file work-v1.cif (mmCIF, C-alpha atoms)
data_query
#
loop_
_atom_site.label_atom_id
_atom_site.label_comp_id
_atom_site.auth_asym_id
_atom_site.auth_seq_id
_atom_site.Cartn_x
_atom_site.Cartn_y
_atom_site.Cartn_z
CA MET E 1309 47.58 -47.68 20.93
CA THR E 1310 44.97 -50.14 22.17
CA ASN E 1311 46.76 -50.50 25.51
CA PHE E 1312 47.36 -46.76 25.78
CA ARG E 1313 43.72 -46.08 25.00
CA ARG E 1314 42.68 -48.49 27.74
CA TYR E 1315 45.13 -46.88 30.18
CA THR E 1316 43.92 -43.34 29.38
CA TRP E 1317 40.26 -44.33 29.62
CA TRP E 1318 40.63 -46.00 32.98
CA SER E 1319 42.85 -43.19 34.29
CA LEU E 1320 40.30 -40.53 33.41
CA PHE E 1321 37.28 -42.50 34.53
CA GLY E 1322 38.93 -43.99 37.62
CA VAL E 1323 40.19 -40.67 38.97
CA THR E 1324 36.87 -38.99 38.23
CA ALA E 1325 34.69 -41.70 39.76
CA PHE E 1326 36.90 -41.99 42.85
CA PHE E 1327 36.80 -38.29 43.68
CA LEU E 1328 33.11 -37.99 42.89
CA VAL E 1329 32.35 -40.79 45.33
CA PHE E 1330 34.79 -39.29 47.84
CA SER E 1331 33.11 -35.90 47.62
CA VAL E 1332 29.66 -37.20 48.59
CA ARG E 1333 30.55 -40.34 50.55
CA SER E 1334 30.37 -38.70 53.98
CA ARG E 1335 26.99 -37.15 53.22
CA ILE E 1336 25.49 -40.35 51.85
CA VAL E 1337 26.34 -42.31 55.00
CA ASP E 1338 25.58 -39.42 57.37
CA ALA E 1339 22.51 -40.41 59.39
CA ALA E 1340 21.77 -36.75 60.11
CA VAL E 1341 21.04 -36.16 56.42
CA PRO E 1342 17.44 -37.04 55.45
CA VAL E 1343 17.01 -40.32 53.62
CA VAL E 1344 15.40 -38.62 50.64
CA VAL E 1345 18.40 -36.35 50.26
CA ARG E 1346 20.79 -39.27 50.49
CA LEU E 1347 18.85 -41.23 47.88
CA ALA E 1348 18.84 -38.20 45.61
CA ALA E 1349 22.61 -37.90 46.06
CA VAL E 1350 23.10 -41.57 45.14
CA ALA E 1351 20.92 -41.22 42.05
CA ALA E 1352 22.69 -38.03 40.96
CA LEU E 1353 26.08 -39.66 41.55
CA ALA E 1354 25.16 -42.72 39.47
CA LEU E 1355 23.85 -40.53 36.65
CA THR E 1356 26.95 -38.36 36.65
CA VAL E 1357 29.38 -41.29 36.71
CA THR E 1358 27.52 -43.07 33.88
CA ALA E 1359 27.40 -39.91 31.76
CA ILE E 1360 31.13 -39.33 32.29
CA ALA E 1361 31.94 -42.91 31.25
CA ALA E 1362 29.89 -42.57 28.07
CA SER E 1363 31.40 -39.18 27.26
CA ILE E 1364 34.97 -40.37 27.75
CA SER E 1365 34.27 -43.38 25.52
CA ARG E 1366 33.09 -41.03 22.77
CA ARG E 1367 36.07 -38.69 23.18
CA ILE E 1368 38.66 -41.49 23.21
CA PRO E 1369 37.66 -43.74 20.30
CA ARG E 1370 38.53 -47.36 20.07
CA VAL E 1371 41.50 -48.51 18.01
CA PRO E 1372 41.84 -48.76 15.02
CA LEU E 1373 41.34 -45.06 14.59
CA ALA E 1374 39.77 -43.31 11.65
CA SER E 1375 41.81 -41.95 8.75
CA PRO E 1376 44.08 -38.93 9.35
CA GLY E 1377 42.26 -35.64 9.03
CA THR E 1378 38.84 -36.96 10.04
CA ASN E 1379 36.95 -36.28 13.26
CA ARG E 1380 38.04 -39.37 15.16
CA ALA E 1381 36.20 -38.45 18.36
CA GLY E 1382 32.88 -38.02 16.60
CA PRO E 1383 30.21 -35.49 17.57
CA PRO E 1384 29.82 -34.64 21.26
CA PRO E 1385 27.31 -36.89 23.10
CA VAL E 1386 24.95 -34.01 23.88
CA ARG E 1387 22.41 -36.11 25.76
CA TRP E 1388 25.02 -37.64 28.03
CA LEU E 1389 26.64 -34.27 28.63
CA VAL E 1390 23.29 -32.74 29.58
CA ALA E 1391 22.41 -35.69 31.82
CA GLY E 1392 25.79 -35.56 33.53
CA SER E 1393 25.49 -31.81 34.03
CA VAL E 1394 22.10 -32.24 35.67
CA GLY E 1395 23.47 -34.92 37.99
CA ALA E 1396 26.52 -32.79 38.85
CA VAL E 1397 24.36 -29.73 39.60
CA VAL E 1398 22.15 -31.86 41.88
CA LEU E 1399 25.23 -33.16 43.69
CA GLY E 1400 26.58 -29.65 44.11
CA GLY E 1401 23.25 -28.38 45.35
CA ILE E 1402 22.96 -31.16 47.90
CA LEU E 1403 26.43 -30.50 49.27
CA LEU E 1404 25.77 -26.77 49.43
CA ALA E 1405 22.47 -27.42 51.22
CA VAL E 1406 24.31 -29.39 53.91
CA ARG E 1407 26.94 -26.61 54.10
CA ASP E 1408 29.86 -28.42 52.57
CA TYR E 1409 31.58 -25.35 51.10
CA GLY E 1410 34.70 -27.21 49.93
CA LEU E 1411 33.83 -30.26 47.85
CA TRP E 1412 30.45 -29.16 46.53
CA SER E 1413 32.03 -27.86 43.32
CA PHE E 1414 33.83 -31.08 42.40
CA GLY E 1415 30.91 -32.64 40.51
CA PRO E 1416 30.18 -29.52 38.42
CA ALA E 1417 33.93 -28.97 37.92
CA MET E 1418 34.35 -32.49 36.57
CA MET E 1419 31.46 -32.10 34.14
CA VAL E 1420 32.88 -28.78 32.97
CA SER E 1421 36.17 -30.57 32.24
CA ILE E 1422 34.34 -33.34 30.39
CA ILE E 1423 32.48 -30.81 28.25
CA ALA E 1424 35.76 -28.96 27.63
CA MET E 1425 37.19 -32.17 26.14
CA PHE E 1426 35.02 -31.64 23.07
CA LEU E 1427 35.97 -27.98 22.56
CA PRO E 1428 39.02 -26.52 20.78
CA GLY E 1429 41.94 -25.22 22.84
CA ARG E 1430 40.98 -21.61 23.59
CA ARG E 1431 37.29 -22.27 24.04
CA ARG E 1432 37.88 -25.09 26.52
CA TRP E 1433 40.05 -22.94 28.78
CA SER E 1434 37.61 -20.05 28.47
CA LEU E 1435 34.84 -22.38 29.65
CA ILE E 1436 36.93 -23.53 32.62
CA ALA E 1437 37.81 -19.93 33.55
CA VAL E 1438 34.14 -18.90 33.46
CA ALA E 1439 33.16 -21.95 35.50
CA ALA E 1440 35.83 -21.11 38.10
CA ALA E 1441 34.53 -17.56 38.38
CA VAL E 1442 30.92 -18.78 38.75
CA ALA E 1443 31.99 -21.31 41.40
CA ALA E 1444 33.81 -18.58 43.34
CA VAL E 1445 30.80 -16.25 43.23
CA LEU E 1446 28.29 -18.94 44.10
CA GLY E 1447 30.37 -20.33 46.94
CA GLY E 1448 31.12 -16.88 48.31
CA VAL E 1449 27.52 -15.71 48.19
CA THR E 1450 26.26 -18.90 49.86
CA ALA E 1451 28.88 -18.64 52.59
CA ALA E 1452 28.14 -14.97 53.17
CA VAL E 1453 24.44 -15.64 53.55
CA SER E 1454 25.07 -18.44 56.04
CA GLY E 1455 27.77 -16.53 57.87
CA GLN E 1456 30.61 -18.94 57.03
CA GLY E 1457 34.19 -18.18 55.96
CA LEU E 1458 33.93 -16.12 52.79
CA VAL E 1459 37.51 -16.48 51.54
CA PHE E 1460 37.65 -20.25 51.74
CA ALA E 1461 34.15 -20.69 50.29
CA ALA E 1462 35.05 -18.52 47.29
CA ALA E 1463 38.66 -19.55 46.66
CA PHE E 1464 38.51 -23.32 47.16
CA PRO E 1465 35.72 -24.09 44.62
CA ALA E 1466 37.40 -21.89 41.99
CA GLY E 1467 40.74 -23.57 42.58
CA LEU E 1468 39.10 -27.00 42.44
CA VAL E 1469 37.57 -26.19 39.04
CA LEU E 1470 40.94 -25.07 37.66
CA PHE E 1471 42.81 -28.03 39.14
CA THR E 1472 40.26 -30.54 37.86
CA GLY E 1473 40.44 -29.08 34.36
CA TRP E 1474 44.22 -29.11 34.39
CA VAL E 1475 44.44 -32.77 35.48
CA THR E 1476 41.68 -34.04 33.19
CA LEU E 1477 42.79 -32.19 30.07
CA GLY E 1478 46.41 -33.08 30.83
CA MET E 1479 45.65 -36.80 30.59
CA LEU E 1480 43.60 -36.18 27.47
CA TRP E 1481 46.47 -34.17 25.94
CA ALA E 1482 48.77 -37.20 26.21
CA TRP E 1483 46.22 -39.30 24.32
CA ASP E 1484 45.77 -36.65 21.61
CA VAL E 1485 49.54 -36.45 21.07
CA ALA E 1486 49.81 -40.24 20.79
CA GLU E 1487 46.84 -40.29 18.41
CA ARG E 1488 48.38 -37.65 16.15
CA LEU E 1489 51.73 -39.46 16.14
CA ASN E 1490 50.02 -42.72 15.25
CA ALA E 1491 48.09 -41.00 12.45
CA ALA E 1492 51.33 -39.44 11.18
CA ARG E 1493 53.03 -42.83 11.25
CA ARG E 1494 50.22 -44.41 9.24
CA LEU E 1495 50.23 -41.49 6.81
CA SER E 1496 53.99 -41.83 6.36
CA ALA E 1497 53.57 -45.52 5.60
CA GLU E 1498 50.83 -44.77 3.07
CA LEU E 1499 52.99 -42.13 1.39
CA ALA E 1500 55.90 -44.57 1.22
CA VAL E 1501 53.65 -47.10 -0.49
CA LYS E 1502 52.38 -44.48 -2.94
CA ASP E 1503 55.93 -43.31 -3.68
CA GLU E 1504 56.96 -46.88 -4.41
CA ARG E 1505 53.96 -47.31 -6.70
CA LEU E 1506 54.88 -44.13 -8.56
CA ARG E 1507 58.48 -45.29 -8.88
CA PHE E 1508 57.36 -48.67 -10.16
CA ALA E 1509 54.91 -47.06 -12.60
CA ALA E 1510 57.60 -44.68 -13.89
CA ASP E 1511 60.10 -47.49 -14.41
CA LEU E 1512 57.53 -49.70 -16.11
CA HIS E 1513 56.37 -46.80 -18.29
CA ASP E 1514 59.92 -45.99 -19.38
CA ILE E 1515 60.88 -49.59 -20.08
CA GLN E 1516 57.74 -50.47 -21.98
CA GLY E 1517 57.77 -47.13 -23.78
CA HIS E 1518 61.28 -47.70 -25.12
CA HIS E 1519 60.83 -51.28 -26.18
CA LEU E 1520 57.30 -51.08 -27.54
CA GLN E 1521 58.11 -48.00 -29.60
CA VAL E 1522 61.01 -49.78 -31.31
CA ILE E 1523 59.01 -53.00 -31.68
CA ALA E 1524 56.25 -51.06 -33.40
CA LEU E 1525 58.70 -49.35 -35.76
CA LYS E 1526 60.54 -52.55 -36.64
CA SER E 1527 57.32 -54.50 -37.10
CA GLU E 1528 56.10 -51.82 -39.51
CA LEU E 1529 59.40 -51.94 -41.38
CA ALA E 1530 59.29 -55.75 -41.58
CA ALA E 1531 55.74 -55.60 -42.96
CA ARG E 1532 56.89 -53.27 -45.76
CA LEU E 1533 59.91 -55.46 -46.54
CA ALA E 1534 58.05 -58.77 -46.47
CA GLY E 1535 57.42 -58.75 -50.23
CA ALA E 1536 60.44 -56.86 -51.52
CA ASP E 1537 63.19 -58.23 -49.24
CA PRO E 1538 62.09 -61.30 -47.23
CA ALA E 1539 65.57 -61.83 -45.80
CA ARG E 1540 65.71 -58.29 -44.43
CA ALA E 1541 62.16 -58.65 -43.11
CA ALA E 1542 63.15 -61.84 -41.30
CA GLU E 1543 66.15 -60.03 -39.80
CA GLU E 1544 63.93 -57.23 -38.55
CA MET E 1545 61.51 -59.70 -37.01
CA ASN E 1546 64.39 -61.42 -35.23
CA GLU E 1547 65.29 -58.03 -33.83
CA VAL E 1548 61.66 -57.60 -32.73
CA ARG E 1549 61.84 -60.94 -30.98
CA ARG E 1550 65.04 -59.92 -29.19
CA LEU E 1551 63.53 -56.60 -28.14
CA ALA E 1552 60.44 -58.37 -26.81
CA ALA E 1553 62.66 -60.71 -24.80
CA ASP E 1554 64.59 -57.73 -23.42
CA ALA E 1555 61.33 -56.00 -22.48
CA LEU E 1556 60.13 -59.11 -20.68
CA ARG E 1557 63.44 -59.44 -18.80
CA ASP E 1558 63.48 -55.79 -17.76
CA THR E 1559 59.83 -55.92 -16.69
CA ARG E 1560 60.54 -58.92 -14.48
CA ALA E 1561 63.52 -57.10 -13.00
CA VAL E 1562 61.34 -54.09 -12.18
CA VAL E 1563 58.70 -56.27 -10.57
CA GLN E 1564 61.33 -57.98 -8.45
CA GLY E 1565 62.86 -54.63 -7.50
CA TYR E 1566 66.31 -55.50 -8.83
CA ARG E 1567 66.57 -53.10 -11.73
CA ARG E 1568 68.64 -49.99 -11.10
CA VAL E 1569 69.10 -47.04 -13.43
CA THR E 1570 72.72 -46.56 -14.54
CA LEU E 1571 74.07 -43.96 -16.93
CA GLU E 1572 76.10 -46.42 -19.00
CA GLU E 1573 73.14 -48.78 -19.55
CA GLU E 1574 70.85 -45.90 -20.51
CA ILE E 1575 73.39 -44.48 -23.00
CA ALA E 1576 73.86 -47.88 -24.60
CA ASN E 1577 70.10 -48.46 -24.67
CA ALA E 1578 69.48 -45.00 -26.17
CA THR E 1579 72.04 -45.66 -28.94
CA ARG E 1580 70.43 -48.98 -29.81
CA VAL E 1581 66.85 -47.69 -29.65
CA LEU E 1582 67.51 -44.55 -31.69
CA ALA E 1583 69.44 -46.49 -34.32
CA ALA E 1584 66.64 -49.05 -34.53
CA ALA E 1585 64.19 -46.19 -35.15
CA GLY E 1586 66.24 -44.98 -38.11
CA ILE E 1587 67.79 -42.02 -36.28
CA ASP E 1588 71.46 -41.25 -36.77
CA ALA E 1589 72.53 -41.13 -33.11
CA ARG E 1590 75.95 -39.80 -32.22
CA MET E 1591 77.44 -39.97 -28.73
CA GLU E 1592 80.17 -37.64 -27.48
CA LEU E 1593 81.29 -38.74 -24.03
CA ASP E 1594 83.90 -37.00 -21.92
CA PRO E 1595 86.54 -39.45 -20.64
CA ALA E 1596 86.15 -37.79 -17.24
CA ALA E 1597 82.63 -39.26 -17.11
CA ALA E 1598 83.95 -42.80 -16.86
CA PRO E 1599 82.46 -44.98 -14.10
CA GLY E 1600 83.87 -44.19 -10.69
CA LEU E 1601 84.49 -40.50 -11.39
CA LEU E 1602 80.88 -39.46 -10.84
CA PRO E 1603 78.98 -40.24 -7.61
CA ASP E 1604 76.27 -42.90 -7.92
CA PRO E 1605 73.32 -40.57 -7.20
CA GLY E 1606 74.46 -38.28 -10.03
CA ARG E 1607 74.87 -41.18 -12.43
CA ARG E 1608 71.39 -42.48 -11.64
CA LEU E 1609 69.91 -39.03 -12.15
CA LEU E 1610 71.67 -38.59 -15.50
CA GLY E 1611 70.47 -42.06 -16.48
CA LEU E 1612 66.86 -40.98 -15.87
CA VAL E 1613 67.49 -37.83 -17.95
CA MET E 1614 68.90 -39.96 -20.77
CA ARG E 1615 65.93 -42.31 -20.65
CA GLU E 1616 63.32 -39.55 -20.66
CA ALA E 1617 65.04 -37.60 -23.43
CA THR E 1618 65.21 -40.69 -25.65
CA THR E 1619 61.53 -41.43 -25.05
CA ASN E 1620 60.57 -37.87 -25.98
CA VAL E 1621 62.63 -37.96 -29.16
CA LEU E 1622 60.90 -41.18 -30.23
CA ARG E 1623 57.37 -40.11 -29.34
CA HIS E 1624 57.23 -36.42 -30.04
CA SER E 1625 59.63 -35.73 -32.91
CA ARG E 1626 60.42 -36.72 -36.47
CA ALA E 1627 64.14 -36.47 -35.91
CA ARG E 1628 66.59 -38.02 -38.34
CA GLN E 1629 69.67 -37.11 -36.33
CA ALA E 1630 70.36 -36.99 -32.59
CA GLU E 1631 73.45 -36.10 -30.64
CA VAL E 1632 74.18 -36.86 -27.02
CA SER E 1633 77.05 -35.04 -25.34
CA LEU E 1634 78.22 -35.65 -21.78
CA ARG E 1635 80.96 -33.45 -20.32
CA ILE E 1636 82.33 -33.05 -16.83
CA THR E 1637 83.48 -29.58 -15.72
CA GLY E 1638 84.63 -29.39 -12.17
CA HIS E 1639 81.76 -30.70 -10.06
CA GLN E 1640 79.14 -30.18 -12.77
CA ALA E 1641 78.00 -32.67 -15.39
#
call {"tool": "encode", "arguments": {"input": "work-v1.cif", "output": "structure tokens"}}
result
Amino acid sequence: MTNFRRYTWWSLFGVTAFFLVFSVRSRIVDAAVPVVVRLAAVAALALTVTAIAASISRRIPRVPLASPGTNRAGPPPVRWLVAGSVGAVVLGGILLAVRDYGLWSFGPAMMVSIIAMFLPGRRRWSLIAVAAAVAAVLGGVTAAVSGQGLVFAAAFPAGLVLFTGWVTLGMLWAWDVAERLNAARRLSAELAVKDERLRFAADLHDIQGHHLQVIALKSELAARLAGADPARAAEEMNEVRRLAADALRDTRAVVQGYRRVTLEEEIANATRVLAAAGIDARMELDPAAAPGLLPDPGRRLLGLVMREATTNVLRHSRARQAEVSLRITGHQA
């Protein structure tokens, strides 16, 4: 994007500056033109070229760009646009005064295109159309008064305004497309990161929710049994220790990105967790649901369902019995 920005900037500015200089070059070096007029043309040319450079720099921001959805180009440089318009009008007036009925409109046409860069689609082309009509009328009236060719004086300036707008906005359009694609690419990367964070948070929430719920229940049970049945309390605390070790192992696996949800593991984990919570858990599994008979995406999805259902039973119910039934009918589970 940095290289493309540099290419677009120099393309716009280089083409503009070259044709501006070309349009007034013959009059600046023409000895028949008064020195004061030539100096005024040089000053107006310098002002116009400088204003165009500043305006293009504002319209094509430096990389890195702002966040997607923000106004990356910033507000229009009103002062530079006004200054450039004044310089372009002076250039056009000088060329009209020396009866150059062809290229006099190039300076104003270029500034119209630069101003159109900061307008939305329909308004920019409306501005160019109005400018073309004004150029045709002004050129035609001036030629008619001086007795020159009316058709050429009216048609050429209007066509020059339209052509200049088409070329300038065409190069800008390529930059805008590249900018939007780059913003979309960055947004896609940000969404991918956020999705991965959500996935990690969900996995961590489910793992810790299962294990910590059972650890809390078993710790409470061990505390009640400490005086009445020390041996049973010690057994429960050993189970707590094992559950804590499992939670630590699963958490490390999630962090490393190696843990994958499988239906068989979730069913076995649900049976163990529910039984540890004092819930009579019964599993009824269809032999057709054996590994290899269901596609992997379906098994992972059912594993997530099993995990979430078990968590909800533990957290939001006072169940004493639970039954899990898995059946395969045709292509439906």
call {"tool": "closest_residue", "arguments": {"input": "work-v1.cif", "among": "E:Gly1400, E:Val1406, E:Val1621, E:Leu1634", "to": "Ala1340 in chain E", "atoms": "all atoms listed in the file"}}
result
E:Val1406
call {"tool": "residues_near_point", "arguments": {"input": "work-v1.cif", "point": "(58.7, -48.1, -21.6)", "cutoff": "12 Å", "atoms": "only C-alpha atoms", "output": "JSON, numbers by chain"}}
result
{"E": [1508, 1509, 1510, 1511, 1512, 1513, 1514, 1515, 1516, 1517, 1518, 1519, 1520, 1521, 1522, 1523, 1551, 1552, 1554, 1555, 1556, 1558, 1559, 1562, 1577, 1581, 1615, 1616, 1618, 1619, 1620, 1622, 1623]}
call {"tool": "closest_residue", "arguments": {"input": "work-v1.cif", "among": "E:Ala1530, E:Leu1477, E:Ile1636, E:Ala1584", "to": "Arg1367 in chain E", "atoms": "only C-alpha atoms"}}
result
E:Leu1477
call {"tool": "residues_around", "arguments": {"input": "work-v1.cif", "residues": "range 1420-1431 of chain E", "least_positions_apart": "5", "cutoff": "9 Å", "atoms": "only C-alpha atoms", "output": "PyMOL selection string"}}
result
chain E and resi 1360+1363-1364+1367+1381+1383-1384+1389+1393+1415+1436+1439+1469+1472-1474+1476-1477+1480
call {"tool": "residues_around", "arguments": {"input": "work-v1.cif", "residues": "Val1445 in chain E", "least_positions_apart": "6", "cutoff": "10 Å", "atoms": "all atoms listed in the file", "output": "PyMOL selection string"}}
result
chain E and resi 1439+1451+1461-1463+1465-1466
call {"tool": "atom_distance", "arguments": {"input": "work-v1.cif", "atom1": "CA of Ala1417 in chain E", "atom2": "CA of Trp1317 in chain E"}}
result
18.6 Å
call {"tool": "resolve_selection", "arguments": {"input": "work-v1.cif", "expression": "the PyMOL selection byres ((chain E and resi 1529) around 12)", "output": "list in words"}}
result
Val1522, Ile1523, Ala1524, Leu1525, Lys1526, Ser1527, Glu1528, Ala1530, Ala1531, Arg1532, Leu1533, Ala1534, Gly1535, Ala1536, Asp1537, Pro1538, Arg1540, Ala1541, Ala1542, Glu1543, Glu1544, Met1545, Glu1547, Val1548, Ala1584, Ala1585 and Gly1586 of chain E
call {"tool": "residues_around", "arguments": {"input": "work-v1.cif", "residues": "Gly1447 in chain E", "least_positions_apart": "3", "cutoff": "12 Å", "atoms": "only C-alpha atoms", "output": "ChimeraX atom specification"}}
result
/E:1400-1401,1403-1405,1407-1413,1439-1444,1450-1468
call {"tool": "atom_distance", "arguments": {"input": "work-v1.cif", "atom1": "CA of Met1309 in chain E", "atom2": "CA of Ala1325 in chain E"}}
result
23.6 Å
call {"tool": "closest_residue", "arguments": {"input": "work-v1.cif", "among": "E:Glu1498, E:Glu1574, E:Glu1487, E:Glu1631", "to": "Glu1592 in chain E", "atoms": "all atoms listed in the file"}}
result
E:Glu1631
call {"tool": "resolve_selection", "arguments": {"input": "work-v1.cif", "expression": "the PyMOL selection byres ((chain E and resi 1394) around 12)", "output": "ChimeraX atom specification"}}
result
/E:1349,1351-1357,1359-1360,1387-1393,1395-1401,1415-1416,1419-1420
call {"tool": "residues_around", "arguments": {"input": "work-v1.cif", "residues": "Thr1316 in chain E", "least_positions_apart": "2", "cutoff": "9 Å", "atoms": "only C-alpha atoms", "output": "VMD selection string"}}
result
chain E and resid 1311 to 1314 1318 to 1321 1368 1479 to 1480 1482 to 1483
call {"tool": "write_last_selection", "arguments": {"input": "work-v1.cif", "atoms": "C-alpha atoms", "output": "compact mmCIF listing (two decimals), keeping the file's coordinate frame"}}
result
# COMPACT_ATOMS: atom_id res chain seq x y z
CA ASN E 1311 46.76 -50.50 25.51
CA PHE E 1312 47.36 -46.76 25.78
CA ARG E 1313 43.72 -46.08 25.00
CA ARG E 1314 42.68 -48.49 27.74
CA TRP E 1318 40.63 -46.00 32.98
CA SER E 1319 42.85 -43.19 34.29
CA LEU E 1320 40.30 -40.53 33.41
CA PHE E 1321 37.28 -42.50 34.53
CA ILE E 1368 38.66 -41.49 23.21
CA MET E 1479 45.65 -36.80 30.59
CA LEU E 1480 43.60 -36.18 27.47
CA ALA E 1482 48.77 -37.20 26.21
CA TRP E 1483 46.22 -39.30 24.32
call {"tool": "atom_distance", "arguments": {"input": "work-v1.cif", "atom1": "CA of Arg1590 in chain E", "atom2": "CA of Ala1539 in chain E"}}
result
27.9 Å
